[in-house]
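Report on the structure given below.
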Amino acid sequence: MASSSKKVCVVGAGVSGLVSARELLREGHDVTVMEQSSGVGGQWLYDPRTDAGDPLGVAGVASSIYASLRLNTPRESMGFSDFPFVYPSTGGDARRYPGHAEFLRYIRGFCDAFGLMDVVRLNTKVLDVGLLAPRGRDDGGGTRWTVRCSSRRGDCEGEVVTTEETFDAVVVAIGQFTQPRLPTINGMDKWSRRQLHSHSYRAPDSFQDQVVVVVGCQSSGVDIALELCTVARDVHISVKSVDDDGAIFPGMRKAVSRRHNLHLHLQIECLCEDGQVTFADGSCVVADSIIYCTGYDYSFPFLDTGGLVTVDDNRVGPLFEHTFPPALAPALSFVGIPKRVVVPRFYETQARWVAQVLSGRRTLPSSEEMMRWAEEYHRAREMAGMPKRFTHEFFGDYDFCDEFGEKHCGFPRLESWKKELRWASMARQRGDGSETFRDVYHDSDLVREGLQAQGWPAGSQQHK
């Protein structure tokens, strides 16, 4: 039993929000999850609508999922620690790298298995989260929060009601993919043709016979560019460097060589009102559309901390271990900030730590020590040449994920065979298998033994 039960608001019912709710409930807390959409799943709740009124995608629809999206991580390593993402016995998507609808079914199954819908309020948008009492932990953790939200009664045409409620703690778990990041390009504001962020891309049909420029060549840029090749007259990919493996997957160079209508260019130099796009290598094309696959920024417009938590060049801070703001801990926490970690397990680890700190099972260092940790962490990253915008990126560092879990809540390490499965997947994706890594693979002996020991089907025989 928890030594101290708190009334906790979780903002968001995606993967990080739902696992936060599960861990908080296990620690005996009184939990309310507020979700602006009509269902759970967060990003994985596919919405065919786009931000039509703002195609650069800074308002309206929350989900960034496009119709053809498939996981780029093997399902055997994509589950929570005690709720595996198993292959469907009948129906469903039985591929190792299934489509987004299959993962949404998994999230809903997780929600049902742990009775989480009892604490989720759908169609409820958080408008403002503000401090109610003076900050600090000297008063026994007396910091409290007022949460103001709007909820819609009945169907989508129902009455909107605004309410306020007080909570002992707030867990921010809204994900990473709702605020599109856009580049700064000369002439971008005057270019008269179609521009959109990948946040607003759903299907290739509307690009039939067009000349399309895709800016960026990471996971979404690769998927979208290859899909557009099936309908567009020409697809031009713009990257910072055609030789840097960090800017473009090596396998994409082969994809370009195999397609007459797929082309690589350096980054865009300028856009002209007549539709001309000029690249840094001196080449130019007249394009019908530009799609910016340029990532996302963290954004918490509802959160009022009086400047104690800020977002600066995509660094959320200061945060102790990417989770607790020193001046407001433990009454405020963030679950789901780190990128390129083992998802969803890492967020499960964060959630368990937060829940146990709130219940008194575990303690945090002093606010001064937590601030010192954040400062030293930032200094070390800067000395290593890491740009500020990558503060929360870990580039598949599984040792970090394991050590984080062991240190903060005794979380089990990821099995070696799952690490190898993920490493092999990433190597194929970044290497020659950019187009086929989801469907053509051969498991190592270690992976096959791990699959067999835990009752998984022999993946390499089923989906080679």
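Chain lettering (A, B, ...) mirrors the order of the structure tokens, residue numbering begins at 1 for each chain separately, and ligand numbering begins at 1 in order of display.
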**Message:** Set the distance at 10 Å and use only C-alpha atoms: which residues neighbour range 117-126 of chain A once local chain neighbours fewer than 4 positions away are removed? I'd like the list as a VMD selection string.
**Reply:** chain A and resid 9 to 13 17 to 18 21 to 22 25 30 to 40 108 111 to 113 147 to 156 160 to 164 301 to 303
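The neighbours of Ala280 in chain A here are the residues that come within 12 Å of it, using only C-alpha atoms and leaving out any residue fewer than 6 positions away in the same chain; they are Ile185, Asn186, Ser238, Val239, Lys240, Ser241, Val242, Leu264, His265, Leu266, Gln267, Ile268, Glu269, Cys270 and Leu271 of chain A.
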Could you save the residues just selected, with N, CA and C atoms, as a PDB file, in the first residue's frame?
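File out08.pdb, as written:
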ATOM      1  N   ILE A 185      13.281  29.348 -44.349  1.00  0.00           N
ATOM      2  CA  ILE A 185      13.766  29.335 -45.731  1.00  0.00           C
ATOM      3  C   ILE A 185      13.432  30.666 -46.381  1.00  0.00           C
ATOM      4  N   ASN A 186      14.385  31.224 -47.042  1.00  0.00           N
ATOM      5  CA  ASN A 186      14.170  32.477 -47.748  1.00  0.00           C
ATOM      6  C   ASN A 186      13.048  32.334 -48.777  1.00  0.00           C
ATOM      7  N   SER A 238      15.111  16.984 -50.231  1.00  0.00           N
ATOM      8  CA  SER A 238      16.092  17.984 -49.837  1.00  0.00           C
ATOM      9  C   SER A 238      16.686  17.617 -48.484  1.00  0.00           C
ATOM     10  N   VAL A 239      18.021  17.502 -48.429  1.00  0.00           N
ATOM     11  CA  VAL A 239      18.712  17.133 -47.193  1.00  0.00           C
ATOM     12  C   VAL A 239      19.882  18.079 -46.954  1.00  0.00           C
ATOM     13  N   LYS A 240      20.357  18.123 -45.709  1.00  0.00           N
ATOM     14  CA  LYS A 240      21.477  19.011 -45.382  1.00  0.00           C
ATOM     15  C   LYS A 240      22.759  18.552 -46.053  1.00  0.00           C
ATOM     16  N   SER A 241      22.925  17.226 -46.182  1.00  0.00           N
ATOM     17  CA  SER A 241      24.119  16.685 -46.823  1.00  0.00           C
ATOM     18  C   SER A 241      23.777  15.358 -47.471  1.00  0.00           C
ATOM     19  N   VAL A 242      24.208  15.147 -48.690  1.00  0.00           N
ATOM     20  CA  VAL A 242      23.942  13.878 -49.366  1.00  0.00           C
ATOM     21  C   VAL A 242      24.983  12.839 -49.000  1.00  0.00           C
ATOM     22  N   LEU A 264      17.707  13.422 -55.287  1.00  0.00           N
ATOM     23  CA  LEU A 264      18.317  13.963 -54.076  1.00  0.00           C
ATOM     24  C   LEU A 264      18.923  15.330 -54.353  1.00  0.00           C
ATOM     25  N   HIS A 265      18.740  16.256 -53.391  1.00  0.00           N
ATOM     26  CA  HIS A 265      19.326  17.586 -53.494  1.00  0.00           C
ATOM     27  C   HIS A 265      19.833  18.016 -52.118  1.00  0.00           C
ATOM     28  N   LEU A 266      20.694  19.013 -52.103  1.00  0.00           N
ATOM     29  CA  LEU A 266      21.048  19.659 -50.853  1.00  0.00           C
ATOM     30  C   LEU A 266      19.876  20.521 -50.383  1.00  0.00           C
ATOM     31  N   GLN A 267      20.025  21.133 -49.228  1.00  0.00           N
ATOM     32  CA  GLN A 267      18.914  21.881 -48.646  1.00  0.00           C
ATOM     33  C   GLN A 267      18.487  23.047 -49.539  1.00  0.00           C
ATOM     34  N   ILE A 268      17.274  23.508 -49.317  1.00  0.00           N
ATOM     35  CA  ILE A 268      16.698  24.577 -50.149  1.00  0.00           C
ATOM     36  C   ILE A 268      17.374  25.902 -49.843  1.00  0.00           C
ATOM     37  N   GLU A 269      17.778  26.588 -50.918  1.00  0.00           N
ATOM     38  CA  GLU A 269      18.384  27.910 -50.786  1.00  0.00           C
ATOM     39  C   GLU A 269      17.310  28.986 -50.711  1.00  0.00           C
ATOM     40  N   CYS A 270      16.299  28.894 -51.600  1.00  0.00           N
ATOM     41  CA  CYS A 270      15.224  29.884 -51.580  1.00  0.00           C
ATOM     42  C   CYS A 270      14.015  29.360 -52.346  1.00  0.00           C
ATOM     43  N   LEU A 271      12.866  29.962 -52.051  1.00  0.00           N
ATOM     44  CA  LEU A 271      11.610  29.662 -52.738  1.00  0.00           C
ATOM     45  C   LEU A 271      11.153  30.920 -53.468  1.00  0.00           C
TER      46      LEU A 271
END
**Request:** Name the residues in contact with range 215-224 of chain A at a cut-off of 7 Å, using only C-alpha atoms, excluding same-chain residues fewer than 2 positions from it; report them as a ChimeraX atom specification.
**Result:** /A:213,226-228,237-239,247-248,291-294
**Request:** Output as a ChimeraX atom specification all residues of range 72-314 of chain A that backbone DSSP marks as helix (DSSP H, G or I).
**Result:** /A:75-77,100-113,116-119,198-200,205-207,219-228,250-258
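Nearest to Ser5 in chain A of all the residues A:Phe167, A:Phe346, A:Trp373, A:Trp417 is A:Phe167, counting only C-alpha atoms.
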**Request:** Assign secondary structure with DSSP using the backbone only, and return the residues of range 117-288 of chain A in strand (DSSP E) as JSON, numbers by chain.
**Result:** {"A": [120, 121, 124, 125, 126, 127, 128, 129, 130, 131, 145, 146, 147, 148, 149, 150, 151, 152, 160, 161, 162, 163, 164, 165, 166, 167, 169, 170, 171, 172, 179, 180, 194, 195, 196, 197, 211, 212, 213, 214, 215, 234, 235, 236, 237, 238, 239, 262, 263, 264, 265, 266, 268, 269, 270, 271, 276, 277, 278, 279, 284, 285, 286]}
**Separation of CA of Arg422 in chain A from CA of Val342 in chain A, in Å and rounded to one decimal** =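 That distance, rounded to one decimal, is 9.2 Å.
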**Message:** For a test of reading the model, state the distance in Å between CA of Gln43 in chain A and CA of Ser416 in chain A, rounded to one decimal.
**Reply:** 28.8 Å
Name the residues in contact with Gly336 in chain A at a cut-off of 12 Å, using only C-alpha atoms, excluding same-chain residues fewer than 4 positions from it; report them as a JSON list (two decimals) with all heavy atoms, in the first residue's frame.
[["chain", "number", "residue", "atom", "x", "y", "z"],
["A", 11, "VAL", "N", -2.25, 14.55, -17.83],
["A", 11, "VAL", "CA", -2.67, 15.23, -19.05],
["A", 11, "VAL", "C", -2.27, 14.38, -20.24],
["A", 11, "VAL", "O", -1.08, 14.23, -20.55],
["A", 11, "VAL", "CB", -2.03, 16.63, -19.15],
["A", 11, "VAL", "CG1", -2.56, 17.36, -20.38],
["A", 11, "VAL", "CG2", -2.28, 17.43, -17.89],
["A", 12, "GLY", "N", -3.26, 13.81, -20.91],
["A", 12, "GLY", "CA", -3.02, 12.99, -22.10],
["A", 12, "GLY", "C", -3.27, 11.52, -21.86],
["A", 12, "GLY", "O", -2.83, 10.96, -20.86],
["A", 13, "ALA", "N", -3.98, 10.88, -22.81],
["A", 13, "ALA", "CA", -4.28, 9.44, -22.71],
["A", 13, "ALA", "C", -3.66, 8.68, -23.86],
["A", 13, "ALA", "O", -4.26, 7.79, -24.45],
["A", 13, "ALA", "CB", -5.79, 9.20, -22.66],
["A", 14, "GLY", "N", -2.41, 9.06, -24.19],
["A", 14, "GLY", "CA", -1.63, 8.26, -25.13],
["A", 14, "GLY", "C", -0.85, 7.21, -24.37],
["A", 14, "GLY", "O", -1.18, 6.86, -23.23],
["A", 15, "VAL", "N", 0.20, 6.69, -24.97],
["A", 15, "VAL", "CA", 0.98, 5.63, -24.35],
["A", 15, "VAL", "C", 1.54, 6.08, -23.00],
["A", 15, "VAL", "O", 1.39, 5.37, -21.99],
["A", 15, "VAL", "CB", 2.13, 5.20, -25.29],
["A", 15, "VAL", "CG1", 3.10, 4.29, -24.57],
["A", 15, "VAL", "CG2", 1.57, 4.49, -26.52],
["A", 16, "SER", "N", 2.19, 7.24, -22.96],
["A", 16, "SER", "CA", 2.81, 7.67, -21.71],
["A", 16, "SER", "C", 1.77, 8.04, -20.65],
["A", 16, "SER", "O", 1.97, 7.78, -19.46],
["A", 16, "SER", "CB", 3.76, 8.85, -21.96],
["A", 16, "SER", "OG", 3.11, 9.90, -22.63],
["A", 17, "GLY", "N", 0.64, 8.61, -21.07],
["A", 17, "GLY", "CA", -0.40, 8.95, -20.11],
["A", 17, "GLY", "C", -1.08, 7.73, -19.52],
["A", 17, "GLY", "O", -1.35, 7.67, -18.31],
["A", 18, "LEU", "N", -1.37, 6.74, -20.35],
["A", 18, "LEU", "CA", -2.05, 5.54, -19.85],
["A", 18, "LEU", "C", -1.15, 4.73, -18.92],
["A", 18, "LEU", "O", -1.62, 4.22, -17.89],
["A", 18, "LEU", "CB", -2.52, 4.68, -21.02],
["A", 18, "LEU", "CG", -3.66, 5.29, -21.86],
["A", 18, "LEU", "CD1", -3.94, 4.43, -23.08],
["A", 18, "LEU", "CD2", -4.93, 5.44, -21.02],
["A", 19, "VAL", "N", 0.12, 4.60, -19.26],
["A", 19, "VAL", "CA", 1.00, 3.84, -18.37],
["A", 19, "VAL", "C", 1.24, 4.62, -17.08],
["A", 19, "VAL", "O", 1.41, 4.02, -16.01],
["A", 19, "VAL", "CB", 2.31, 3.45, -19.07],
["A", 19, "VAL", "CG1", 3.27, 4.62, -19.18],
["A", 19, "VAL", "CG2", 2.97, 2.27, -18.35],
["A", 20, "SER", "N", 1.22, 5.94, -17.16],
["A", 20, "SER", "CA", 1.30, 6.74, -15.93],
["A", 20, "SER", "C", 0.10, 6.46, -15.04],
["A", 20, "SER", "O", 0.24, 6.29, -13.82],
["A", 20, "SER", "CB", 1.37, 8.23, -16.27],
["A", 20, "SER", "OG", 2.57, 8.54, -16.96],
["A", 42, "GLY", "N", -3.67, 8.65, -28.06],
["A", 42, "GLY", "CA", -2.78, 9.75, -28.40],
["A", 42, "GLY", "C", -2.48, 9.80, -29.89],
["A", 42, "GLY", "O", -3.38, 9.78, -30.73],
["A", 171, "VAL", "N", 0.86, 15.20, -13.85],
["A", 171, "VAL", "CA", 1.81, 14.50, -14.72],
["A", 171, "VAL", "C", 1.50, 14.91, -16.15],
["A", 171, "VAL", "O", 0.40, 14.67, -16.65],
["A", 171, "VAL", "CB", 1.68, 12.96, -14.58],
["A", 171, "VAL", "CG1", 2.67, 12.27, -15.52],
["A", 171, "VAL", "CG2", 1.93, 12.53, -13.14],
["A", 172, "VAL", "N", 2.46, 15.55, -16.79],
["A", 172, "VAL", "CA", 2.28, 15.99, -18.18],
["A", 172, "VAL", "C", 2.75, 14.87, -19.09],
["A", 172, "VAL", "O", 3.93, 14.48, -19.06],
["A", 172, "VAL", "CB", 3.08, 17.28, -18.46],
["A", 172, "VAL", "CG1", 2.91, 17.70, -19.92],
["A", 172, "VAL", "CG2", 2.61, 18.40, -17.52],
["A", 173, "ALA", "N", 1.84, 14.34, -19.90],
["A", 173, "ALA", "CA", 2.15, 13.17, -20.74],
["A", 173, "ALA", "C", 1.50, 13.33, -22.10],
["A", 173, "ALA", "O", 0.79, 12.43, -22.57],
["A", 173, "ALA", "CB", 1.68, 11.89, -20.05],
["A", 174, "ILE", "N", 1.78, 14.46, -22.76],
["A", 174, "ILE", "CA", 1.07, 14.74, -24.02],
["A", 174, "ILE", "C", 1.85, 14.33, -25.27],
["A", 174, "ILE", "O", 1.39, 14.55, -26.38],
["A", 174, "ILE", "CB", 0.70, 16.23, -24.12],
["A", 174, "ILE", "CG1", 1.97, 17.10, -24.15],
["A", 174, "ILE", "CG2", -0.23, 16.63, -23.00],
["A", 174, "ILE", "CD1", 1.68, 18.54, -24.51],
["A", 175, "GLY", "N", 3.03, 13.74, -25.09],
["A", 175, "GLY", "CA", 3.75, 13.26, -26.26],
["A", 175, "GLY", "C", 4.62, 14.31, -26.92],
["A", 175, "GLY", "O", 4.75, 15.44, -26.44],
["A", 176, "GLN", "N", 5.19, 13.94, -28.06],
["A", 176, "GLN", "CA", 6.23, 14.73, -28.70],
["A", 176, "GLN", "C", 5.87, 15.20, -30.11],
["A", 176, "GLN", "O", 6.65, 15.92, -30.73],
["A", 176, "GLN", "CB", 7.51, 13.88, -28.82],
["A", 176, "GLN", "CG", 7.95, 13.23, -27.54],
["A", 176, "GLN", "CD", 8.98, 12.15, -27.78],
["A", 176, "GLN", "OE1", 9.31, 11.83, -28.92],
["A", 176, "GLN", "NE2", 9.49, 11.57, -26.71],
["A", 177, "PHE", "N", 4.69, 14.84, -30.62],
["A", 177, "PHE", "CA", 4.45, 15.00, -32.04],
["A", 177, "PHE", "C", 3.21, 15.83, -32.37],
["A", 177, "PHE", "O", 2.46, 15.49, -33.27],
["A", 177, "PHE", "CB", 4.33, 13.62, -32.70],
["A", 177, "PHE", "CG", 5.51, 12.74, -32.45],
["A", 177, "PHE", "CD1", 5.46, 11.71, -31.53],
["A", 177, "PHE", "CD2", 6.70, 12.95, -33.13],
["A", 177, "PHE", "CE1", 6.55, 10.89, -31.30],
["A", 177, "PHE", "CE2", 7.81, 12.14, -32.90],
["A", 177, "PHE", "CZ", 7.74, 11.11, -31.98],
["A", 298, "TYR", "N", 8.69, 20.44, -28.60],
["A", 298, "TYR", "CA", 7.89, 20.29, -27.39],
["A", 298, "TYR", "C", 7.06, 21.55, -27.18],
["A", 298, "TYR", "O", 7.54, 22.67, -27.41],
["A", 298, "TYR", "CB", 8.78, 20.07, -26.18],
["A", 298, "TYR", "CG", 9.64, 18.83, -26.23],
["A", 298, "TYR", "CD1", 11.00, 18.90, -26.52],
["A", 298, "TYR", "CD2", 9.08, 17.57, -25.98],
["A", 298, "TYR", "CE1", 11.78, 17.77, -26.55],
["A", 298, "TYR", "CE2", 9.87, 16.43, -26.02],
["A", 298, "TYR", "CZ", 11.22, 16.52, -26.30],
["A", 298, "TYR", "OH", 11.99, 15.40, -26.35],
["A", 316, "VAL", "N", 13.50, 21.11, -22.73],
["A", 316, "VAL", "CA", 12.54, 21.34, -21.66],
["A", 316, "VAL", "C", 13.34, 21.38, -20.36],
["A", 316, "VAL", "O", 14.04, 20.42, -20.02],
["A", 316, "VAL", "CB", 11.48, 20.23, -21.60],
["A", 316, "VAL", "CG1", 10.44, 20.55, -20.53],
["A", 316, "VAL", "CG2", 10.82, 20.03, -22.96],
["A", 321, "GLU", "N", 16.74, 14.39, -14.43],
["A", 321, "GLU", "CA", 16.59, 13.10, -15.12],
["A", 321, "GLU", "C", 15.43, 13.13, -16.12],
["A", 321, "GLU", "O", 14.68, 12.16, -16.26],
["A", 321, "GLU", "CB", 16.40, 11.95, -14.12],
["A", 321, "GLU", "CG", 17.60, 11.68, -13.23],
["A", 321, "GLU", "CD", 18.63, 10.77, -13.87],
["A", 321, "GLU", "OE1", 18.60, 10.63, -15.12],
["A", 321, "GLU", "OE2", 19.45, 10.20, -13.13],
["A", 322, "HIS", "N", 15.25, 14.29, -16.79],
["A", 322, "HIS", "CA", 14.25, 14.42, -17.86],
["A", 322, "HIS", "C", 12.82, 14.21, -17.37],
["A", 322, "HIS", "O", 11.92, 13.99, -18.18],
["A", 322, "HIS", "CB", 14.55, 13.45, -19.01],
["A", 322, "HIS", "CG", 15.97, 13.49, -19.45],
["A", 322, "HIS", "ND1", 16.44, 14.40, -20.37],
["A", 322, "HIS", "CD2", 17.06, 12.75, -19.07],
["A", 322, "HIS", "CE1", 17.74, 14.23, -20.55],
["A", 322, "HIS", "NE2", 18.14, 13.24, -19.77],
["A", 323, "THR", "N", 12.62, 14.33, -16.06],
["A", 323, "THR", "CA", 11.32, 13.98, -15.49],
["A", 323, "THR", "C", 10.78, 15.03, -14.53],
["A", 323, "THR", "O", 9.63, 15.47, -14.67],
["A", 323, "THR", "CB", 11.41, 12.63, -14.75],
["A", 323, "THR", "OG1", 11.96, 11.64, -15.63],
["A", 323, "THR", "CG2", 10.03, 12.17, -14.27],
["A", 324, "PHE", "N", 11.57, 15.46, -13.55],
["A", 324, "PHE", "CA", 11.09, 16.35, -12.50],
["A", 324, "PHE", "C", 11.74, 17.73, -12.59],
["A", 324, "PHE", "O", 12.97, 17.84, -12.58],
["A", 324, "PHE", "CB", 11.42, 15.77, -11.11],
["A", 324, "PHE", "CG", 10.64, 14.55, -10.72],
["A", 324, "PHE", "CD1", 11.24, 13.30, -10.78],
["A", 324, "PHE", "CD2", 9.33, 14.65, -10.29],
["A", 324, "PHE", "CE1", 10.54, 12.16, -10.40],
["A", 324, "PHE", "CE2", 8.62, 13.52, -9.91],
["A", 324, "PHE", "CZ", 9.21, 12.27, -9.97],
["A", 340, "ARG", "N", 14.04, 8.53, -28.83],
["A", 340, "ARG", "CA", 14.92, 7.45, -29.27],
["A", 340, "ARG", "C", 15.37, 6.59, -28.09],
["A", 340, "ARG", "O", 16.55, 6.25, -27.94],
["A", 340, "ARG", "CB", 16.12, 8.00, -30.04],
["A", 340, "ARG", "CG", 15.70, 8.86, -31.23],
["A", 340, "ARG", "CD", 16.85, 9.09, -32.17],
["A", 340, "ARG", "NE", 16.58, 10.20, -33.07],
["A", 340, "ARG", "CZ", 17.32, 10.54, -34.11],
["A", 340, "ARG", "NH1", 18.40, 9.86, -34.40],
["A", 340, "ARG", "NH2", 17.02, 11.57, -34.86],
["A", 341, "VAL", "N", 14.41, 6.27, -27.26],
["A", 341, "VAL", "CA", 14.61, 5.33, -26.16],
["A", 341, "VAL", "C", 13.76, 4.10, -26.45],
["A", 341, "VAL", "O", 13.09, 4.00, -27.48],
["A", 341, "VAL", "CB", 14.21, 5.97, -24.81],
["A", 341, "VAL", "CG1", 15.20, 7.06, -24.42],
["A", 341, "VAL", "CG2", 12.79, 6.53, -24.85],
["A", 342, "VAL", "N", 13.75, 3.13, -25.54],
["A", 342, "VAL", "CA", 12.95, 1.93, -25.73],
["A", 342, "VAL", "C", 11.51, 2.25, -25.34],
["A", 342, "VAL", "O", 11.18, 2.34, -24.15],
["A", 342, "VAL", "CB", 13.50, 0.76, -24.88],
["A", 342, "VAL", "CG1", 12.66, -0.50, -25.12],
["A", 342, "VAL", "CG2", 14.96, 0.49, -25.22],
["A", 343, "VAL", "N", 10.68, 2.45, -26.33],
["A", 343, "VAL", "CA", 9.27, 2.79, -26.13],
["A", 343, "VAL", "C", 8.43, 1.53, -26.31],
["A", 343, "VAL", "O", 8.67, 0.75, -27.23],
["A", 343, "VAL", "CB", 8.84, 3.88, -27.14],
["A", 343, "VAL", "CG1", 7.37, 4.20, -27.00],
["A", 343, "VAL", "CG2", 9.70, 5.14, -26.97],
["A", 344, "PRO", "N", 7.44, 1.29, -25.42],
["A", 344, "PRO", "CA", 6.99, 2.16, -24.32],
["A", 344, "PRO", "C", 7.64, 1.88, -22.97],
["A", 344, "PRO", "O", 7.27, 2.50, -21.97],
["A", 344, "PRO", "CB", 5.49, 1.84, -24.26],
["A", 344, "PRO", "CG", 5.41, 0.39, -24.61],
["A", 344, "PRO", "CD", 6.49, 0.16, -25.66],
["A", 345, "ARG", "N", 8.60, 0.95, -22.92],
["A", 345, "ARG", "CA", 9.17, 0.56, -21.63],
["A", 345, "ARG", "C", 9.79, 1.73, -20.87],
["A", 345, "ARG", "O", 9.65, 1.82, -19.64],
["A", 345, "ARG", "CB", 10.24, -0.53, -21.83],
["A", 345, "ARG", "CG", 9.70, -1.91, -22.07],
["A", 345, "ARG", "CD", 10.85, -2.87, -22.33],
["A", 345, "ARG", "NE", 11.74, -2.96, -21.19],
["A", 345, "ARG", "CZ", 11.76, -3.97, -20.32],
["A", 345, "ARG", "NH1", 10.90, -4.98, -20.47],
["A", 345, "ARG", "NH2", 12.61, -3.99, -19.32],
["A", 346, "PHE", "N", 10.49, 2.62, -21.56],
["A", 346, "PHE", "CA", 11.13, 3.72, -20.85],
["A", 346, "PHE", "C", 10.09, 4.61, -20.18],
["A", 346, "PHE", "O", 10.28, 5.06, -19.05],
["A", 346, "PHE", "CB", 12.01, 4.54, -21.79],
["A", 346, "PHE", "CG", 12.84, 5.55, -21.05],
["A", 346, "PHE", "CD1", 14.07, 5.19, -20.52],
["A", 346, "PHE", "CD2", 12.40, 6.85, -20.87],
["A", 346, "PHE", "CE1", 14.84, 6.11, -19.81],
["A", 346, "PHE", "CE2", 13.16, 7.78, -20.17],
["A", 346, "PHE", "CZ", 14.38, 7.41, -19.64],
["A", 347, "TYR", "N", 8.97, 4.84, -20.86],
["A", 347, "TYR", "CA", 7.92, 5.67, -20.27],
["A", 347, "TYR", "C", 7.25, 4.94, -19.10],
["A", 347, "TYR", "O", 6.83, 5.58, -18.13],
["A", 347, "TYR", "CB", 6.89, 6.05, -21.33],
["A", 347, "TYR", "CG", 7.51, 6.79, -22.51],
["A", 347, "TYR", "CD1", 6.91, 6.76, -23.77],
["A", 347, "TYR", "CD2", 8.70, 7.50, -22.37],
["A", 347, "TYR", "CE1", 7.49, 7.43, -24.85],
["A", 347, "TYR", "CE2", 9.28, 8.17, -23.43],
["A", 347, "TYR", "CZ", 8.67, 8.12, -24.67],
["A", 347, "TYR", "OH", 9.25, 8.79, -25.73],
["A", 348, "GLU", "N", 7.19, 3.63, -19.18],
["A", 348, "GLU", "CA", 6.70, 2.84, -18.05],
["A", 348, "GLU", "C", 7.63, 3.01, -16.85],
["A", 348, "GLU", "O", 7.18, 3.14, -15.71],
["A", 348, "GLU", "CB", 6.63, 1.37, -18.46],
["A", 348, "GLU", "CG", 6.07, 0.44, -17.41],
["A", 348, "GLU", "CD", 6.05, -1.01, -17.87],
["A", 348, "GLU", "OE1", 6.51, -1.30, -18.99],
["A", 348, "GLU", "OE2", 5.59, -1.87, -17.08],
["A", 349, "THR", "N", 8.93, 3.05, -17.11],
["A", 349, "THR", "CA", 9.91, 3.27, -16.05],
["A", 349, "THR", "C", 9.72, 4.64, -15.41],
["A", 349, "THR", "O", 9.69, 4.76, -14.17],
["A", 349, "THR", "CB", 11.34, 3.17, -16.63],
["A", 349, "THR", "OG1", 11.53, 1.89, -17.21],
["A", 349, "THR", "CG2", 12.37, 3.39, -15.54],
["A", 350, "GLN", "N", 9.62, 5.67, -16.24],
["A", 350, "GLN", "CA", 9.39, 7.02, -15.71],
["A", 350, "GLN", "C", 8.12, 7.06, -14.86],
["A", 350, "GLN", "O", 8.11, 7.64, -13.77],
["A", 350, "GLN", "CB", 9.25, 8.01, -16.86],
["A", 350, "GLN", "CG", 10.54, 8.47, -17.50],
["A", 350, "GLN", "CD", 10.27, 9.60, -18.49],
["A", 350, "GLN", "OE1", 9.59, 9.39, -19.50],
["A", 350, "GLN", "NE2", 10.78, 10.77, -18.19],
["A", 351, "ALA", "N", 7.05, 6.46, -15.39],
["A", 351, "ALA", "CA", 5.76, 6.49, -14.69],
["A", 351, "ALA", "C", 5.85, 5.80, -13.34],
["A", 351, "ALA", "O", 5.28, 6.28, -12.34],
["A", 351, "ALA", "CB", 4.70, 5.83, -15.57],
["A", 354, "VAL", "N", 7.72, 8.11, -10.92],
["A", 354, "VAL", "CA", 6.87, 9.23, -10.50],
["A", 354, "VAL", "C", 5.85, 8.76, -9.46],
["A", 354, "VAL", "O", 5.66, 9.40, -8.41],
["A", 354, "VAL", "CB", 6.16, 9.85, -11.71],
["A", 354, "VAL", "CG1", 5.05, 10.81, -11.26],
["A", 354, "VAL", "CG2", 7.16, 10.58, -12.61],
["A", 392, "HIS", "N", 17.21, 15.86, -25.13],
["A", 392, "HIS", "CA", 16.44, 14.71, -24.66],
["A", 392, "HIS", "C", 16.50, 13.52, -25.62],
["A", 392, "HIS", "O", 15.66, 12.62, -25.54],
["A", 392, "HIS", "CB", 14.99, 15.12, -24.43],
["A", 392, "HIS", "CG", 14.84, 16.32, -23.54],
["A", 392, "HIS", "ND1", 15.15, 16.30, -22.20],
["A", 392, "HIS", "CD2", 14.42, 17.60, -23.81],
["A", 392, "HIS", "CE1", 14.94, 17.50, -21.68],
["A", 392, "HIS", "NE2", 14.49, 18.30, -22.64],
["A", 393, "GLU", "N", 17.46, 13.51, -26.53],
["A", 393, "GLU", "CA", 17.59, 12.41, -27.50],
["A", 393, "GLU", "C", 18.71, 11.46, -27.07],
["A", 393, "GLU", "O", 19.79, 11.90, -26.70],
["A", 393, "GLU", "CB", 17.87, 12.96, -28.90],
["A", 393, "GLU", "CG", 16.76, 13.86, -29.41],
["A", 393, "GLU", "CD", 16.49, 13.70, -30.89],
["A", 393, "GLU", "OE1", 16.87, 12.67, -31.47],
["A", 393, "GLU", "OE2", 15.89, 14.63, -31.46]]
**Request:** Could you please determine the separation between CA of Gly450 in chain A and CA of Lys418 in chain A in Å, to one decimal place?
**Result:** 7.8 Å
